[in-house]
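Q: Next comes the structure file my_file-v3.cif, holding mmCIF, C-alpha atoms.
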data_protein
#
loop_
_atom_site.label_atom_id
_atom_site.label_comp_id
_atom_site.auth_asym_id
_atom_site.auth_seq_id
_atom_site.Cartn_x
_atom_site.Cartn_y
_atom_site.Cartn_z
CA MET A 1 22.74 -13.78 5.31
CA VAL A 2 26.00 -11.81 5.44
CA SER A 3 28.57 -12.78 2.83
CA ALA A 4 32.28 -13.31 3.52
CA LEU A 5 33.06 -10.19 1.48
CA GLU A 6 30.71 -8.06 3.62
CA THR A 7 32.35 -9.42 6.78
CA PHE A 8 35.81 -8.64 5.39
CA ILE A 9 34.83 -5.06 4.43
CA ASP A 10 33.14 -4.54 7.81
CA SER A 11 36.39 -5.42 9.57
CA PHE A 12 37.98 -2.22 8.15
CA LEU A 13 35.07 0.11 8.95
CA PRO A 14 34.39 1.66 12.32
CA GLU A 15 31.38 0.37 14.24
CA SER A 16 28.42 2.64 13.77
CA GLU A 17 24.72 2.47 14.46
CA ASP A 18 24.24 4.93 11.59
CA ARG A 19 25.62 2.61 8.92
CA TYR A 20 23.19 0.65 6.74
CA ARG A 21 23.61 -3.08 6.66
CA LEU A 22 21.57 -6.12 5.71
CA VAL A 23 19.53 -7.31 8.68
CA ALA A 24 17.31 -9.94 7.06
CA SER A 25 15.97 -11.23 3.76
CA LEU A 26 12.23 -11.72 3.50
CA ASN A 27 11.60 -14.42 0.92
CA GLY A 28 8.32 -15.82 -0.32
CA HIS A 29 6.88 -13.85 -3.24
CA GLY A 30 6.53 -15.84 -6.45
CA GLY A 31 7.43 -12.89 -8.69
CA PRO A 32 8.65 -9.29 -8.63
CA VAL A 33 7.61 -7.11 -5.68
CA ASN A 34 5.93 -3.91 -6.92
CA ALA A 35 5.14 -2.11 -3.67
CA PHE A 36 5.78 -2.22 0.06
CA ALA A 37 4.83 -0.20 3.14
CA PHE A 38 5.60 -0.07 6.85
CA ASN A 39 2.91 0.29 9.49
CA THR A 40 2.99 3.27 11.86
CA GLY A 41 5.12 1.58 14.52
CA SER A 42 7.43 -0.07 11.95
CA THR A 43 6.57 -3.45 13.43
CA LEU A 44 5.02 -4.78 10.22
CA LEU A 45 5.96 -4.57 6.54
CA ALA A 46 3.41 -5.30 3.82
CA SER A 47 4.61 -6.23 0.33
CA GLY A 48 2.70 -6.94 -2.86
CA GLY A 49 3.71 -8.01 -6.33
CA ASP A 50 3.11 -9.76 -9.61
CA ASP A 51 2.15 -13.00 -7.82
CA GLU A 52 -1.19 -11.34 -6.83
CA GLU A 53 -0.39 -11.74 -3.14
CA VAL A 54 0.12 -9.41 -0.22
CA ARG A 55 2.54 -10.64 2.40
CA ILE A 56 2.64 -9.06 5.83
CA TRP A 57 5.95 -9.52 7.63
CA ASP A 58 6.71 -9.31 11.34
CA LEU A 59 9.81 -7.10 11.49
CA LYS A 60 10.75 -8.21 14.98
CA THR A 61 11.10 -11.87 14.03
CA HIS A 62 11.61 -11.38 10.26
CA THR A 63 8.92 -13.97 9.57
CA LEU A 64 5.67 -14.03 7.63
CA PHE A 65 2.82 -12.74 9.79
CA GLN A 66 0.04 -13.28 7.23
CA MET A 67 -0.50 -13.78 3.51
CA LEU A 68 -3.49 -12.26 1.69
CA ALA A 69 -4.55 -13.77 -1.62
CA ASN A 70 -7.72 -14.02 -3.65
CA ASN A 71 -8.01 -17.52 -5.07
CA ASN A 72 -11.56 -17.16 -6.42
CA GLN A 73 -11.39 -13.85 -8.29
CA HIS A 74 -8.13 -12.67 -9.80
CA TRP A 75 -6.90 -9.45 -8.26
CA GLY A 76 -4.16 -9.02 -10.80
CA GLN A 77 -0.75 -7.85 -9.68
CA ILE A 78 -0.56 -5.69 -6.57
CA THR A 79 0.35 -2.23 -7.85
CA THR A 80 0.29 0.00 -4.77
CA ILE A 81 0.04 -0.58 -1.02
CA ASN A 82 0.02 1.47 2.18
CA PHE A 83 -1.07 1.45 5.78
CA ILE A 84 -3.40 4.36 6.58
CA ASN A 85 -4.39 6.01 9.83
CA ARG A 86 -8.15 6.12 9.52
CA ASP A 87 -8.88 7.36 13.01
CA ALA A 88 -7.89 10.71 14.50
CA THR A 89 -7.06 8.99 17.78
CA PRO A 90 -5.16 5.72 18.20
CA SER A 91 -7.80 3.01 18.31
CA GLY A 92 -5.68 -0.10 18.15
CA ILE A 93 -6.90 -0.79 14.62
CA GLU A 94 -4.50 -0.87 11.67
CA TRP A 95 -5.78 -0.34 8.13
CA LEU A 96 -3.94 -1.86 5.16
CA CYS A 97 -5.00 -0.67 1.70
CA PHE A 98 -3.86 -1.83 -1.72
CA GLY A 99 -4.75 -1.50 -5.39
CA THR A 100 -4.52 -4.15 -8.08
CA GLY A 101 -3.76 -4.49 -11.76
CA CYS A 102 -7.43 -5.30 -12.41
CA GLY A 103 -8.72 -1.98 -11.02
CA GLN A 104 -9.77 -3.29 -7.61
CA PHE A 105 -9.17 -1.52 -4.29
CA LEU A 106 -9.06 -3.44 -1.03
CA VAL A 107 -8.94 -2.46 2.62
CA TYR A 108 -8.03 -4.92 5.34
CA ARG A 109 -8.23 -4.11 9.01
CA HIS A 110 -6.42 -5.55 11.97
CA ASN A 111 -7.31 -5.10 15.60
CA ARG A 112 -4.02 -5.49 17.43
CA LYS A 113 -5.76 -7.84 19.86
CA ALA A 114 -6.84 -10.12 16.99
CA SER A 115 -4.61 -12.54 15.15
CA ASP A 116 -5.20 -11.65 11.49
CA PHE A 117 -6.05 -8.85 9.09
CA THR A 118 -9.59 -9.28 7.74
CA GLU A 119 -11.14 -7.89 4.56
CA TYR A 120 -13.15 -4.72 5.18
CA ILE A 121 -13.64 -3.21 1.70
CA HIS A 122 -13.27 -4.86 -1.70
CA GLN A 123 -14.49 -2.59 -4.46
CA LYS A 124 -13.98 -2.40 -8.21
CA ILE A 125 -12.84 1.16 -8.96
CA PHE A 126 -11.70 0.98 -12.60
CA PRO A 127 -12.33 -1.40 -15.52
CA LEU A 128 -10.55 -4.74 -15.59
CA ASN A 129 -7.85 -3.46 -17.97
CA ASP A 130 -7.06 -0.27 -15.98
CA SER A 131 -4.79 -0.80 -12.99
CA ILE A 132 -4.70 1.35 -9.88
CA GLU A 133 -1.53 3.46 -9.88
CA SER A 134 -1.74 5.33 -6.56
CA PHE A 135 -4.01 6.39 -3.74
CA ALA A 136 -4.07 8.85 -0.84
CA PHE A 137 -6.23 9.08 2.25
CA ASP A 138 -7.35 12.24 4.07
CA PRO A 139 -8.24 11.23 7.65
CA SER A 140 -9.89 14.54 8.57
CA ALA A 141 -12.57 14.28 5.87
CA GLN A 142 -12.41 10.46 5.52
CA ARG A 143 -11.79 10.79 1.79
CA LEU A 144 -9.80 8.60 -0.56
CA ALA A 145 -8.28 9.68 -3.91
CA ILE A 146 -7.40 6.89 -6.36
CA THR A 147 -5.66 7.16 -9.75
CA SER A 148 -5.50 4.70 -12.62
CA HIS A 149 -2.93 3.78 -15.26
CA TYR A 150 -5.09 5.34 -18.00
CA GLY A 151 -5.36 8.75 -16.34
CA GLN A 152 -8.49 8.44 -14.24
CA LEU A 153 -8.80 10.19 -10.88
CA LYS A 154 -11.65 9.36 -8.52
CA VAL A 155 -12.34 10.75 -5.05
CA PHE A 156 -14.46 8.75 -2.60
CA GLN A 157 -16.02 9.26 0.79
CA VAL A 158 -15.20 6.33 3.09
CA ASP A 159 -18.51 5.25 4.61
CA HIS A 160 -18.00 2.33 7.00
CA ALA A 161 -17.36 -0.63 4.67
CA HIS A 162 -18.12 1.15 1.38
CA LEU A 163 -16.57 3.81 -0.85
CA THR A 164 -19.04 6.41 -2.16
CA LYS A 165 -17.80 8.27 -5.24
CA LEU A 166 -17.83 12.06 -4.82
CA TRP A 167 -16.29 13.10 -8.14
CA GLU A 168 -13.97 11.99 -10.92
CA ASP A 169 -11.79 13.50 -13.62
CA THR A 170 -9.67 12.32 -16.53
CA LEU A 171 -6.07 13.33 -17.18
CA PRO A 172 -5.69 12.44 -20.88
CA ASP A 173 -2.53 10.79 -22.23
CA VAL A 174 -0.68 10.65 -18.90
CA ILE A 175 -0.07 8.18 -16.08
CA PRO A 176 -0.88 9.76 -12.70
CA GLN A 177 1.95 8.16 -10.71
CA ALA A 178 1.22 9.68 -7.28
CA VAL A 179 -1.63 11.51 -5.59
CA SER A 180 -1.89 13.48 -2.36
CA PHE A 181 -4.35 15.66 -0.47
CA ALA A 182 -3.34 19.24 0.37
CA ASP A 183 -4.84 22.34 2.00
CA GLU A 184 -6.45 20.36 4.82
CA GLY A 185 -8.06 17.96 2.35
CA THR A 186 -9.64 20.60 0.10
CA SER A 187 -7.21 20.05 -2.81
CA VAL A 188 -5.87 16.98 -4.59
CA ILE A 189 -2.38 17.05 -6.11
CA VAL A 190 -1.51 14.55 -8.83
CA TYR A 191 2.05 13.86 -10.02
CA VAL A 192 2.20 12.90 -13.69
CA MET A 193 4.87 10.40 -14.71
CA GLU A 194 5.60 11.40 -18.32
CA THR A 195 6.00 15.16 -17.85
CA GLY A 196 6.71 15.51 -14.14
CA MET A 197 3.82 17.99 -13.91
CA MET A 198 1.76 18.34 -10.74
#
Re-express the file's structure as structure tokens.
A:
Amino acid sequence: MVSALETFIDSFLPESEDRYRLVASLNGHGGPVNAFAFNTGSTLLASGGDDEEVRIWDLKTHTLFQMLANNNQHWGQITTINFINRDATPSGIEWLCFGTGCGQFLVYRHNRKASDFTEYIHQKIFPLNDSIESFAFDPSAQRLAITSHYGQLKVFQVDHAHLTKLWEDTLPDVIPQAVSFADEGTSVIVYVMETGMM
């Protein structure tokens, strides 16, 4: 909702498509939002937070498309989220991945012809007290790198509906804030929060 002050200020500024302005507010999370991501076509926005829910928003209508929650087993807060392109060619399937404060990694898939995202992978990656900090996906080799709050790095092969661990390493006394594949998937780069080292 645009305030009276924003309307007043806008009356003095030239019209421009390049200017940022509030378009909509997406309300519904029951706590702070920790992560969000847009799908490839920017038609959907996924958000996750301390309320242990993922909300998927339709950006055309600015309404809730779907809510993902685990009422039986506690996910913990949603710590990181992203849409990935799993296939080399457009297949009409969208993949939504997210990590939780309880060390779990989940993948949901959505066929654009279907109505909802459905769970595809739900795997415990780290102990209950070690949250997932970041992840990266390499579509050429179908590999996934996942980091934890306590400095763990694990690389997995994505095999249909299961993650097979290829190798792991520990980065002592640091929080690996971001991870990425490089050199056509042959290298993994980790950004460390405390020192800024890569």
Q: Can you check which parts of region 31-118 of chain A lie within 6 Å of region 130-148 of chain A? Per residue, the shortest pair of atoms and distance in Å to one decimal, counting only C-alpha atoms, sorted by chain and number, as JSON lines.
A:
{"residue": "A:Thr80", "atom": "CA", "partner": "A:Ser134", "partner_atom": "CA", "distance": 6.0}
{"residue": "A:Arg86", "atom": "CA", "partner": "A:Pro139", "partner_atom": "CA", "distance": 5.4}
{"residue": "A:Gly99", "atom": "CA", "partner": "A:Ile132", "partner_atom": "CA", "distance": 5.3}
{"residue": "A:Thr100", "atom": "CA", "partner": "A:Ile132", "partner_atom": "CA", "distance": 5.8}
{"residue": "A:Gly101", "atom": "CA", "partner": "A:Ser131", "partner_atom": "CA", "distance": 4.0}
{"residue": "A:Cys102", "atom": "CA", "partner": "A:Ser131", "partner_atom": "CA", "distance": 5.2}
{"residue": "A:Gly103", "atom": "CA", "partner": "A:Ser131", "partner_atom": "CA", "distance": 4.6}
Q: Give me a file of those residues, with C-alpha atoms, as a PDB file, keeping the file's coordinate frame.
A:
ATOM      1  CA  THR A  80       0.290   0.000  -4.770  1.00  0.00           C
ATOM      2  CA  ARG A  86      -8.150   6.120   9.520  1.00  0.00           C
ATOM      3  CA  GLY A  99      -4.750  -1.500  -5.390  1.00  0.00           C
ATOM      4  CA  THR A 100      -4.520  -4.150  -8.080  1.00  0.00           C
ATOM      5  CA  GLY A 101      -3.760  -4.490 -11.760  1.00  0.00           C
ATOM      6  CA  CYS A 102      -7.430  -5.300 -12.410  1.00  0.00           C
ATOM      7  CA  GLY A 103      -8.720  -1.980 -11.020  1.00  0.00           C
TER       8      GLY A 103
END
Q: Hey, what's within 9 Å of Tyr108 (chain A) if we count all atoms listed in the file and toss same-chain stuff fewer than 4 positions away? As a PyMOL selection string, please?
A: chain A and resi 94-98+117-122
Q: Which distance in Å separates CA of Met193 (chain A) and CA of Leu171 (chain A), to one decimal?
A: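 So the answer is 11.6 Å.
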Q: Could you check which of A:Ala178, A:Ile56, A:Ala46, A:Leu153 is closest to Leu166 (chain A), using all atoms listed in the file?
A: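 Closest to Leu166 (chain A) of all the choices is A:Leu153.
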Q: So what does the PyMOL selection byres ((chain A and resi 58-65) around 9) actually pick up in this one, as a list in words?
A: Ala24, Ser25, Leu26, Asn27, Gly28, Ser42, Thr43, Leu44, Leu45, Arg55, Ile56, Trp57, Gln66, Met67 and Asp116 of chain A
Q: Translate the PyMOL selection byres ((chain A and resi 68) around 6), as applied to the file shown, into an explicit residue set as a list in words.
A: Glu53, Val54, Met67 and Ala69 of chain A
Q: Measuring between only C-alpha atoms, which one of A:Glu52, A:Asp183, A:Glu168, A:Asp173 shows the shortest distance to Ile125 (chain A)?
A: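 Using only C-alpha atoms, the shortest distance to Ile125 (chain A) belongs to A:Glu168.
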Q: Using CA of Ser187 (chain A) and CA of Arg109 (chain A) as the two end points, give the distance in Å to one decimal.
A: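 Separation between CA of Ser187 (chain A) and CA of Arg109 (chain A): 26.9 Å.
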Q: Which residues fall under the PyMOL selection byres ((chain A and resi 170) around 6) in this file, as a ChimeraX atom specification?
A: /A:151-152,169,171-172
Q: Take CA of Pro127 (chain A) and CA of Gln104 (chain A) and report the distance between them in Å, one decimal.
A: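 That distance, rounded to one decimal, is 8.5 Å.
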Q: Write out all heavy atoms for region 50-61 of chain A, as a PDB file, keeping the file's coordinate frame.
A:
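Result file result_9.pdb:
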ATOM      1  N   ASP A  50       3.695  -9.136  -8.428  1.00  0.00           N
ATOM      2  CA  ASP A  50       3.110  -9.760  -9.610  1.00  0.00           C
ATOM      3  C   ASP A  50       2.447 -11.101  -9.307  1.00  0.00           C
ATOM      4  O   ASP A  50       1.663 -11.590 -10.115  1.00  0.00           O
ATOM      5  CB  ASP A  50       4.185  -9.971 -10.676  1.00  0.00           C
ATOM      6  CG  ASP A  50       4.542  -8.686 -11.402  1.00  0.00           C
ATOM      7  OD1 ASP A  50       3.929  -7.638 -11.112  1.00  0.00           O
ATOM      8  OD2 ASP A  50       5.447  -8.720 -12.253  1.00  0.00           O
ATOM      9  N   ASP A  51       2.747 -11.710  -8.165  1.00  0.00           N
ATOM     10  CA  ASP A  51       2.150 -13.000  -7.820  1.00  0.00           C
ATOM     11  C   ASP A  51       0.720 -12.861  -7.271  1.00  0.00           C
ATOM     12  O   ASP A  51       0.122 -13.829  -6.847  1.00  0.00           O
ATOM     13  CB  ASP A  51       3.024 -13.765  -6.825  1.00  0.00           C
ATOM     14  CG  ASP A  51       3.279 -12.996  -5.539  1.00  0.00           C
ATOM     15  OD1 ASP A  51       2.745 -11.877  -5.367  1.00  0.00           O
ATOM     16  OD2 ASP A  51       4.050 -13.514  -4.705  1.00  0.00           O
ATOM     17  N   GLU A  52       0.183 -11.622  -7.278  1.00  0.00           N
ATOM     18  CA  GLU A  52      -1.190 -11.340  -6.830  1.00  0.00           C
ATOM     19  C   GLU A  52      -1.388 -11.636  -5.353  1.00  0.00           C
ATOM     20  O   GLU A  52      -2.476 -11.977  -4.915  1.00  0.00           O
ATOM     21  CB  GLU A  52      -2.213 -12.111  -7.679  1.00  0.00           C
ATOM     22  CG  GLU A  52      -2.127 -11.805  -9.159  1.00  0.00           C
ATOM     23  CD  GLU A  52      -3.216 -12.465  -9.987  1.00  0.00           C
ATOM     24  OE1 GLU A  52      -4.299 -12.767  -9.423  1.00  0.00           O
ATOM     25  OE2 GLU A  52      -2.994 -12.661 -11.191  1.00  0.00           O
ATOM     26  N   GLU A  53      -0.322 -11.503  -4.580  1.00  0.00           N
ATOM     27  CA  GLU A  53      -0.390 -11.740  -3.140  1.00  0.00           C
ATOM     28  C   GLU A  53       0.127 -10.534  -2.374  1.00  0.00           C
ATOM     29  O   GLU A  53       1.000  -9.817  -2.854  1.00  0.00           O
ATOM     30  CB  GLU A  53       0.462 -12.947  -2.752  1.00  0.00           C
ATOM     31  CG  GLU A  53      -0.021 -14.249  -3.333  1.00  0.00           C
ATOM     32  CD  GLU A  53       0.915 -15.409  -3.023  1.00  0.00           C
ATOM     33  OE1 GLU A  53       2.018 -15.192  -2.490  1.00  0.00           O
ATOM     34  OE2 GLU A  53       0.527 -16.534  -3.335  1.00  0.00           O
ATOM     35  N   VAL A  54      -0.412 -10.365  -1.186  1.00  0.00           N
ATOM     36  CA  VAL A  54       0.120  -9.410  -0.220  1.00  0.00           C
ATOM     37  C   VAL A  54       0.678 -10.230   0.929  1.00  0.00           C
ATOM     38  O   VAL A  54      -0.008 -11.106   1.469  1.00  0.00           O
ATOM     39  CB  VAL A  54      -0.958  -8.436   0.286  1.00  0.00           C
ATOM     40  CG1 VAL A  54      -0.455  -7.615   1.455  1.00  0.00           C
ATOM     41  CG2 VAL A  54      -1.421  -7.525  -0.847  1.00  0.00           C
ATOM     42  N   ARG A  55       1.916  -9.955   1.266  1.00  0.00           N
ATOM     43  CA  ARG A  55       2.540 -10.640   2.400  1.00  0.00           C
ATOM     44  C   ARG A  55       2.812  -9.603   3.483  1.00  0.00           C
ATOM     45  O   ARG A  55       3.341  -8.533   3.198  1.00  0.00           O
ATOM     46  CB  ARG A  55       3.832 -11.333   1.972  1.00  0.00           C
ATOM     47  CG  ARG A  55       3.548 -12.527   1.075  1.00  0.00           C
ATOM     48  CD  ARG A  55       4.795 -13.209   0.566  1.00  0.00           C
ATOM     49  NE  ARG A  55       4.431 -14.349  -0.247  1.00  0.00           N
ATOM     50  CZ  ARG A  55       4.367 -15.599   0.202  1.00  0.00           C
ATOM     51  NH1 ARG A  55       4.669 -15.882   1.439  1.00  0.00           N
ATOM     52  NH2 ARG A  55       4.013 -16.577  -0.607  1.00  0.00           N
ATOM     53  N   ILE A  56       2.419  -9.936   4.683  1.00  0.00           N
ATOM     54  CA  ILE A  56       2.640  -9.060   5.830  1.00  0.00           C
ATOM     55  C   ILE A  56       3.691  -9.715   6.704  1.00  0.00           C
ATOM     56  O   ILE A  56       3.529 -10.864   7.136  1.00  0.00           O
ATOM     57  CB  ILE A  56       1.320  -8.831   6.606  1.00  0.00           C
ATOM     58  CG1 ILE A  56       0.248  -8.266   5.653  1.00  0.00           C
ATOM     59  CG2 ILE A  56       1.549  -7.893   7.778  1.00  0.00           C
ATOM     60  CD1 ILE A  56      -1.149  -8.275   6.216  1.00  0.00           C
ATOM     61  N   TRP A  57       4.780  -8.984   6.934  1.00  0.00           N
ATOM     62  CA  TRP A  57       5.950  -9.520   7.630  1.00  0.00           C
ATOM     63  C   TRP A  57       6.070  -8.919   9.017  1.00  0.00           C
ATOM     64  O   TRP A  57       5.875  -7.715   9.206  1.00  0.00           O
ATOM     65  CB  TRP A  57       7.214  -9.193   6.844  1.00  0.00           C
ATOM     66  CG  TRP A  57       7.169  -9.620   5.416  1.00  0.00           C
ATOM     67  CD1 TRP A  57       6.757  -8.884   4.341  1.00  0.00           C
ATOM     68  CD2 TRP A  57       7.540 -10.901   4.892  1.00  0.00           C
ATOM     69  NE1 TRP A  57       6.854  -9.615   3.190  1.00  0.00           N
ATOM     70  CE2 TRP A  57       7.336 -10.860   3.491  1.00  0.00           C
ATOM     71  CE3 TRP A  57       8.037 -12.063   5.467  1.00  0.00           C
ATOM     72  CZ2 TRP A  57       7.610 -11.945   2.666  1.00  0.00           C
ATOM     73  CZ3 TRP A  57       8.307 -13.134   4.645  1.00  0.00           C
ATOM     74  CH2 TRP A  57       8.100 -13.078   3.266  1.00  0.00           C
ATOM     75  N   ASP A  58       6.397  -9.751   9.984  1.00  0.00           N
ATOM     76  CA  ASP A  58       6.710  -9.310  11.340  1.00  0.00           C
ATOM     77  C   ASP A  58       8.176  -8.885  11.347  1.00  0.00           C
ATOM     78  O   ASP A  58       9.063  -9.704  11.135  1.00  0.00           O
ATOM     79  CB  ASP A  58       6.469 -10.453  12.319  1.00  0.00           C
ATOM     80  CG  ASP A  58       6.724 -10.067  13.758  1.00  0.00           C
ATOM     81  OD1 ASP A  58       7.651  -9.272  14.028  1.00  0.00           O
ATOM     82  OD2 ASP A  58       6.006 -10.570  14.636  1.00  0.00           O
ATOM     83  N   LEU A  59       8.438  -7.600  11.579  1.00  0.00           N
ATOM     84  CA  LEU A  59       9.810  -7.100  11.490  1.00  0.00           C
ATOM     85  C   LEU A  59      10.637  -7.387  12.738  1.00  0.00           C
ATOM     86  O   LEU A  59      11.853  -7.221  12.714  1.00  0.00           O
ATOM     87  CB  LEU A  59       9.803  -5.610  11.177  1.00  0.00           C
ATOM     88  CG  LEU A  59       9.269  -5.270   9.787  1.00  0.00           C
ATOM     89  CD1 LEU A  59       9.295  -3.772   9.558  1.00  0.00           C
ATOM     90  CD2 LEU A  59      10.056  -5.996   8.710  1.00  0.00           C
ATOM     91  N   LYS A  60       9.998  -7.827  13.788  1.00  0.00           N
ATOM     92  CA  LYS A  60      10.750  -8.210  14.980  1.00  0.00           C
ATOM     93  C   LYS A  60      11.390  -9.581  14.803  1.00  0.00           C
ATOM     94  O   LYS A  60      12.537  -9.811  15.153  1.00  0.00           O
ATOM     95  CB  LYS A  60       9.828  -8.195  16.198  1.00  0.00           C
ATOM     96  CG  LYS A  60      10.527  -8.222  17.519  1.00  0.00           C
ATOM     97  CD  LYS A  60       9.516  -8.078  18.646  1.00  0.00           C
ATOM     98  CE  LYS A  60      10.176  -7.403  19.815  1.00  0.00           C
ATOM     99  NZ  LYS A  60       9.249  -7.174  20.909  1.00  0.00           N
ATOM    100  N   THR A  61      10.624 -10.493  14.203  1.00  0.00           N
ATOM    101  CA  THR A  61      11.100 -11.870  14.030  1.00  0.00           C
ATOM    102  C   THR A  61      11.562 -12.156  12.596  1.00  0.00           C
ATOM    103  O   THR A  61      12.109 -13.221  12.334  1.00  0.00           O
ATOM    104  CB  THR A  61       9.991 -12.865  14.391  1.00  0.00           C
ATOM    105  OG1 THR A  61       8.885 -12.659  13.502  1.00  0.00           O
ATOM    106  CG2 THR A  61       9.539 -12.688  15.833  1.00  0.00           C
TER     107      THR A  61
END
